[in-house]
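Pasting entry_37.cif here (mmCIF, C-alpha atoms):
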```
data_entry
#
loop_
_atom_site.label_atom_id
_atom_site.label_comp_id
_atom_site.auth_asym_id
_atom_site.auth_seq_id
_atom_site.Cartn_x
_atom_site.Cartn_y
_atom_site.Cartn_z
CA MET A 1 -42.10 17.62 -13.74
CA TRP A 2 -41.58 21.37 -14.37
CA ASN A 3 -43.94 23.85 -12.69
CA SER A 4 -44.51 26.62 -15.29
CA GLN A 5 -46.04 29.04 -12.78
CA ASN A 6 -43.19 29.40 -10.32
CA ARG A 7 -40.50 28.00 -12.67
CA ARG A 8 -39.25 25.55 -10.05
CA PRO A 9 -38.71 21.81 -10.57
CA THR A 10 -40.90 19.51 -8.50
CA ALA A 11 -40.66 15.81 -7.73
CA LEU A 12 -42.36 13.53 -10.23
CA ASP A 13 -44.11 11.63 -7.47
CA GLU A 14 -43.64 12.75 -3.89
CA SER A 15 -45.63 9.75 -2.67
CA LEU A 16 -42.83 7.32 -3.59
CA PRO A 17 -40.98 5.97 -0.54
CA GLU A 18 -37.42 7.13 0.14
CA ILE A 19 -34.84 4.46 -0.71
CA GLU A 20 -32.58 3.55 2.21
CA LEU A 21 -29.07 2.39 1.36
CA TYR A 22 -28.70 0.68 4.72
CA GLU A 23 -30.92 -0.68 7.45
CA SER A 24 -28.55 -0.52 10.42
CA SER A 25 -25.57 1.40 11.72
CA LYS A 26 -23.40 -1.63 10.93
CA GLU A 27 -24.43 -1.53 7.27
CA ARG A 28 -23.85 2.21 7.19
CA LYS A 29 -20.34 1.75 8.58
CA ASP A 30 -19.71 -0.96 5.98
CA TYR A 31 -20.66 1.45 3.17
CA GLU A 32 -18.44 4.15 4.64
CA ASN A 33 -15.46 1.79 4.94
CA LYS A 34 -15.85 0.65 1.34
CA GLY A 35 -16.16 4.27 0.29
CA ASP A 36 -12.87 5.06 2.01
CA LEU A 37 -11.13 2.19 0.22
CA TYR A 38 -12.61 3.27 -3.12
CA THR A 39 -11.41 6.84 -2.54
CA ILE A 40 -7.84 5.79 -1.67
CA ILE A 41 -7.53 3.59 -4.75
CA THR A 42 -8.90 6.35 -6.98
CA ALA A 43 -6.65 8.98 -5.40
CA THR A 44 -3.61 6.75 -5.95
CA GLU A 45 -4.53 6.31 -9.62
CA HIS A 46 -4.79 10.10 -10.08
CA LEU A 47 -1.50 10.67 -8.24
CA GLU A 48 0.32 8.10 -10.39
CA ARG A 49 -1.09 9.64 -13.57
CA ALA A 50 -0.05 13.12 -12.45
CA TYR A 51 3.48 11.94 -11.67
CA ALA A 52 3.77 10.09 -14.99
CA GLN A 53 2.80 13.33 -16.76
CA ASP A 54 5.41 15.28 -14.76
CA ALA A 55 2.65 17.38 -13.21
CA ILE A 56 3.98 16.97 -9.66
CA PRO A 57 7.58 17.05 -8.35
CA HIS A 58 8.99 13.83 -6.95
CA ASN A 59 9.28 15.01 -3.34
CA GLU A 60 5.57 15.95 -3.22
CA TYR A 61 4.66 12.75 -5.03
CA ALA A 62 6.63 10.61 -2.57
CA ILE A 63 5.01 12.27 0.46
CA GLU A 64 1.49 11.79 -0.88
CA CYS A 65 2.20 8.28 -2.14
CA ASN A 66 3.58 7.14 1.21
CA LYS A 67 0.51 8.59 2.91
CA LEU A 68 -1.83 6.71 0.58
CA LEU A 69 0.14 3.48 0.98
CA SER A 70 -0.15 3.63 4.76
CA GLN A 71 -3.85 4.52 4.58
CA PHE A 72 -4.54 1.74 2.10
CA LYS A 73 -3.83 -1.22 4.39
CA ILE A 74 -5.91 0.35 7.16
CA ALA A 75 -8.82 0.99 4.80
CA GLU A 76 -8.49 -2.46 3.24
CA LYS A 77 -8.66 -4.11 6.65
CA ALA A 78 -11.70 -2.07 7.66
CA ALA A 79 -13.58 -2.61 4.38
CA LEU A 80 -12.70 -6.22 3.58
CA GLY A 81 -11.49 -7.76 6.82
CA GLY A 82 -13.40 -10.71 8.23
CA GLY A 83 -17.12 -10.18 8.56
CA GLY A 84 -17.71 -13.87 9.12
CA VAL A 85 -16.90 -14.77 5.52
CA ASN A 86 -15.22 -18.11 4.82
CA LYS A 87 -11.44 -17.67 4.86
CA ASN A 88 -11.06 -19.30 1.45
CA ASN A 89 -13.75 -17.11 -0.11
CA ARG A 90 -12.91 -13.69 1.28
CA THR A 91 -13.16 -10.55 -0.78
CA THR A 92 -9.79 -9.28 -1.97
CA THR A 93 -8.96 -5.81 -3.19
CA GLU A 94 -8.84 -7.13 -6.77
CA THR A 95 -12.35 -8.56 -6.36
CA PHE A 96 -13.52 -5.29 -4.82
CA MET A 97 -12.18 -3.38 -7.82
CA ARG A 98 -13.91 -5.73 -10.27
CA ILE A 99 -17.24 -5.48 -8.43
CA TYR A 100 -17.15 -1.68 -8.53
CA GLN A 101 -15.67 -1.58 -12.05
CA MET A 102 -12.55 0.34 -11.05
CA ASP A 103 -10.15 0.74 -13.96
CA CYS A 104 -7.05 1.74 -11.97
CA PRO A 105 -4.01 -0.12 -13.34
CA ARG A 106 -1.46 2.33 -11.92
CA ALA A 107 -3.00 2.18 -8.45
CA THR A 108 -3.09 -1.63 -8.63
CA HIS A 109 0.63 -1.73 -9.44
CA ARG A 110 1.57 0.77 -6.72
CA LEU A 111 -0.68 -0.55 -3.92
CA LEU A 112 -0.74 -4.29 -4.60
CA VAL A 113 2.65 -4.94 -6.22
CA MET A 114 5.32 -2.36 -5.41
CA GLY A 115 4.21 -1.01 -2.05
CA VAL A 116 6.61 1.95 -2.25
CA PRO A 117 6.68 5.18 -4.30
CA GLU A 118 8.47 5.28 -7.63
CA PRO A 119 12.14 5.64 -6.67
CA VAL A 120 14.52 8.45 -7.53
CA LYS A 121 17.94 7.94 -6.00
CA ASN A 122 19.33 10.82 -3.99
CA ALA A 123 22.46 12.56 -5.10
CA ASP A 124 25.33 12.48 -2.64
CA GLY A 125 25.43 15.55 -0.44
CA PRO A 126 28.51 17.42 0.81
CA GLY A 127 30.93 15.04 2.49
CA GLY A 128 28.65 12.09 1.91
CA THR A 129 26.18 13.32 4.54
CA ASN A 130 23.10 12.10 2.66
CA VAL A 131 24.60 8.68 2.02
CA ALA A 132 25.63 8.23 5.66
CA ALA A 133 22.12 9.16 6.83
CA ASN A 134 20.53 6.81 4.29
CA VAL A 135 22.79 3.93 5.33
CA ALA A 136 22.01 4.47 9.03
CA GLU A 137 18.29 4.60 8.26
CA THR A 138 18.47 1.42 6.17
CA VAL A 139 20.31 -0.46 8.93
CA GLN A 140 17.69 0.63 11.46
CA HIS A 141 14.84 -0.56 9.22
CA PHE A 142 16.54 -3.93 8.74
CA ILE A 143 16.91 -4.39 12.50
CA THR A 144 13.37 -3.21 13.29
CA THR A 145 11.78 -5.56 10.75
CA MET A 146 13.86 -8.56 11.79
CA ASP A 147 13.14 -7.91 15.47
CA ALA A 148 9.41 -7.80 14.73
CA ILE A 149 9.59 -11.26 13.14
CA LYS A 150 11.62 -12.63 16.06
CA LEU A 151 8.95 -11.31 18.42
CA GLY A 152 6.30 -13.24 16.50
CA GLN A 153 4.58 -10.31 14.79
CA MET A 154 3.33 -12.20 11.74
CA ALA A 155 0.26 -10.14 10.80
CA VAL A 156 0.46 -8.47 7.40
CA ASP A 157 -0.64 -5.10 8.76
CA ASP A 158 2.25 -5.26 11.26
CA LEU A 159 4.97 -6.33 8.83
CA GLN A 160 4.03 -4.59 5.59
CA PRO A 161 4.65 -0.99 6.81
CA LEU A 162 8.02 -2.01 8.27
CA LEU A 163 9.10 -3.72 5.07
CA SER A 164 7.82 -0.81 2.99
CA ASP A 165 10.00 1.58 5.02
CA LEU A 166 12.99 -0.72 4.50
CA MET A 167 12.41 -0.93 0.74
CA ASN A 168 12.00 2.85 0.57
CA ALA A 169 15.33 3.32 2.35
CA LEU A 170 17.14 0.81 0.12
CA ILE A 171 16.05 2.43 -3.13
CA GLN A 172 17.25 5.84 -1.92
CA LEU A 173 20.84 4.63 -1.68
CA PRO A 174 22.93 5.94 -4.60
CA ASP A 175 25.33 3.84 -6.65
CA THR A 176 23.77 0.47 -5.86
CA PRO A 177 23.64 -1.82 -8.92
CA ASN A 178 20.34 -2.50 -10.65
CA ASP A 179 20.55 -6.17 -9.65
CA PHE A 180 21.38 -5.40 -6.01
CA GLY A 181 20.52 -8.59 -4.11
CA PRO A 182 19.05 -7.02 -0.94
CA ASN A 183 16.62 -4.96 -3.03
CA TYR A 184 15.44 -8.06 -4.87
CA LYS A 185 14.92 -10.08 -1.68
CA VAL A 186 13.06 -7.30 0.13
CA GLN A 187 10.93 -6.46 -2.92
CA LYS A 188 9.98 -10.12 -3.32
CA TRP A 189 8.57 -10.25 0.21
CA LEU A 190 6.97 -6.84 -0.11
CA GLU A 191 5.09 -8.00 -3.19
CA LYS A 192 4.00 -11.14 -1.31
CA LEU A 193 2.66 -9.08 1.60
CA ASN A 194 0.99 -6.60 -0.72
CA ALA A 195 -0.84 -9.46 -2.41
CA MET A 196 -2.22 -10.55 0.98
CA ARG A 197 -4.94 -8.82 2.98
CA ALA A 198 -4.16 -6.73 6.03
CA VAL A 199 -5.89 -9.28 8.29
CA ASP A 200 -3.86 -12.22 6.96
CA VAL A 201 -1.08 -13.77 9.04
CA LEU A 202 2.12 -15.48 7.88
CA ASP A 203 2.41 -19.09 9.00
CA GLU A 204 5.46 -20.40 10.88
CA ASP A 205 7.22 -21.66 7.76
CA ASP A 206 6.79 -18.34 5.95
CA GLY A 207 7.97 -16.48 9.05
CA ARG A 208 11.16 -18.51 9.23
CA GLN A 209 11.83 -18.06 5.51
CA PHE A 210 11.08 -14.34 5.75
CA TYR A 211 13.59 -13.90 8.58
CA HIS A 212 16.18 -16.00 6.75
CA ASP A 213 15.84 -13.91 3.58
CA LEU A 214 16.07 -10.63 5.50
CA ASP A 215 19.11 -11.86 7.42
CA SER A 216 20.74 -12.88 4.13
CA ALA A 217 19.88 -9.50 2.58
CA TYR A 218 21.30 -7.66 5.58
CA THR A 219 24.53 -9.65 5.41
CA GLU A 220 24.87 -8.86 1.71
CA PHE A 221 24.09 -5.20 2.40
CA THR A 222 26.82 -4.88 5.06
CA ARG A 223 29.27 -6.75 2.81
CA TYR A 224 28.53 -4.23 0.04
CA LEU A 225 29.15 -1.33 2.44
CA ARG A 226 32.52 -2.74 3.54
CA ALA A 227 33.57 -3.17 -0.09
CA LYS A 228 32.68 0.49 -0.78
CA THR A 229 34.89 1.84 2.01
#
```

Is it possible to express this structure as structure tokens?
Amino acid sequence: MWNSQNRRPTALDESLPEIELYESSKERKDYENKGDLYTIITATEHLERAYAQDAIPHNEYAIECNKLLSQFKIAEKAALGGGGVNKNNRTTTETFMRIYQMDCPRATHRLLVMGVPEPVKNADGPGGTNVAANVAETVQHFITTMDAIKLGQMAVDDLQPLLSDLMNALIQLPDTPNDFGPNYKVQKWLEKLNAMRAVDVLDEDDGRQFYHDLDSAYTEFTRYLRAKT
């Protein structure tokens, strides 16, 4: 209702009770966690659109994308992890996006499929400095990820960041063929982990296969390096 005397809007009915979105601190935290997840997915969609339209340089895009990727698994675990729900009927990120009518195809592809920023291979620096640094970084990521599996770290939120770093290092290497075997094997497992929730854990069979595939990829990677020298 509009008050014509003082020209200020007034409530239609101030006697109506105030609507509470939550009844406890636990429910409030649940809303906040889901809000964080919603924000990260939306921000990723906007970032991907901006990059596709050449509105942001690749180095800035990669920094922001890596930040969102690392925040995503944390937010996903907080918003959708557990809560006493039956393991076979737990809410996934895809379900969350359907419930809240989120039309974010680019974010879905980046967060739930690829798990790494859109790659642009580095040009070789003077004396091969960039390549040498990239190779050393890739080797370290291989070893770190394989050691984590050997130590029994099978939780998705433990393995996914390590594998994402490895994939990111692999795609920065120049001159590797498009069908480079190590990239395919690592990307296959990264997509598998991205499709799982942060609170999920690989079983023993998957862990053994994961380690075997990484070991095979590492062997192929070192063989490729020897052939290049």

**Item:** Selection: 9 Å around A:Arg197, all atoms listed in the file, excl. self and same-chain fewer than 4 positions, as a ChimeraX atom specification
**Value:** /A:73,76-77,80-81,92-93,156-157,193,201

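Residues in contact with A:Pro117 at 7 Å, where all atoms listed in the file are counted and same-chain residues fewer than 3 positions away are skipped, are listed as Ala62, Cys65 and Asn66 of chain A.
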
Just the selected residues (C-alpha atoms), exported as a JSON list (two decimals), keeping the file's coordinate frame, please.
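Just written: out_24.json:
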```
[["chain", "number", "residue", "atom", "x", "y", "z"],
["A", 62, "ALA", "CA", 6.63, 10.61, -2.57],
["A", 65, "CYS", "CA", 2.20, 8.28, -2.14],
["A", 66, "ASN", "CA", 3.58, 7.14, 1.21]]
```

Hey, could you pull the box centre and edge lengths for stretch 67-78 of chain A, axis-aligned, 4 Å padding per side, all listed atoms, to one decimal in Å, as AutoDock Vina command-line options?
```
--center_x -5.6 --center_y 2.2 --center_z 4.1 --size_x 20.2 --size_y 20.7 --size_z 15.1
```

Give me the residues within 12 Å of A:Ala227 as a PDB file with C-alpha atoms, keeping the file's coordinate frame, counting only C-alpha atoms and dropping any in the same chain fewer than 6 places off.
```
ATOM      1  CA  THR A 176      23.770   0.470  -5.860  1.00  0.00           C
ATOM      2  CA  GLU A 220      24.870  -8.860   1.710  1.00  0.00           C
ATOM      3  CA  PHE A 221      24.090  -5.200   2.400  1.00  0.00           C
TER       4      PHE A 221
END
```

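Among the candidates A:Leu47, A:Ala75, A:Met146, A:Ala195, the residue lying nearest to A:Asp30 is A:Ala75 (atoms considered: only C-alpha atoms).
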
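Among the candidates A:Ala217, A:Met102, A:Ile40, A:Ala52, the one nearest to A:Phe180 when counting all atoms listed in the file is A:Ala217.
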
**Message:** Calculated over all atoms listed in the file, which of the candidates A:Ser216, A:Asn183, A:Thr91, A:Asn130 has the smallest distance to A:Ser164?
**Reply:** A:Asn183

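The space between atom CA of A:Ser25 and atom CA of A:Ile74 spans 20.2 Å.
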
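Between atom CA of A:Ala169 and atom CA of A:Ala133 the interatomic distance comes to 10.0 Å.
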
List as a PDB file with C-alpha atoms, keeping the file's coordinate frame the protein and nucleic acid residues near stretch 95-100 of chain A, meaning an atom at most 10 Å away when all atoms listed in the file are counted, but skip any in the same chain fewer than 4 places from it.
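In the end it all went to result_16.pdb:
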```pdb
ATOM      1  CA  LYS A  34     -15.850   0.650   1.340  1.00  0.00           C
ATOM      2  CA  LEU A  37     -11.130   2.190   0.220  1.00  0.00           C
ATOM      3  CA  TYR A  38     -12.610   3.270  -3.120  1.00  0.00           C
ATOM      4  CA  ILE A  41      -7.530   3.590  -4.750  1.00  0.00           C
ATOM      5  CA  GLU A  76      -8.490  -2.460   3.240  1.00  0.00           C
ATOM      6  CA  ALA A  79     -13.580  -2.610   4.380  1.00  0.00           C
ATOM      7  CA  LEU A  80     -12.700  -6.220   3.580  1.00  0.00           C
ATOM      8  CA  ARG A  90     -12.910 -13.690   1.280  1.00  0.00           C
ATOM      9  CA  THR A  91     -13.160 -10.550  -0.780  1.00  0.00           C
ATOM     10  CA  CYS A 104      -7.050   1.740 -11.970  1.00  0.00           C
ATOM     11  CA  THR A 108      -3.090  -1.630  -8.630  1.00  0.00           C
TER      12      THR A 108
END
```

**Request:** Evaluate the PyMOL selection byres ((chain A and resi 115) around 10) on the structure here and hand back the selected residues as a PyMOL selection string.
**Result:** chain A and resi 65-66+69-70+108-114+116-118+160-161+163-165+167-168+187+190-191+193-195

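Those residues returned by the PyMOL selection byres ((chain A and resi 143-145) around 9) for this file are Thr138, Val139, Gln140, His141, Phe142, Met146, Asp147, Ala148, Ile149, Lys150, Leu159, Leu162, Leu163, Leu166, Tyr211, Leu214 and Tyr218 of chain A.
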
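Picture a line from atom CA of A:Asp203 to atom CA of A:Asp215; it runs 18.3 Å.
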
**Complete:** Nearest to A:Pro174, restricted to all atoms listed in the file and choosing among A:Leu21, A:Val120, A:Met154, A:Leu202, comes out as A:Val120

**Prompt:** Using only C-alpha atoms, can you list as a ChimeraX atom specification the residues within 12 Å of (-4.9, 10.0, -12.8)?
**Reply:** /A:41-56,103-107
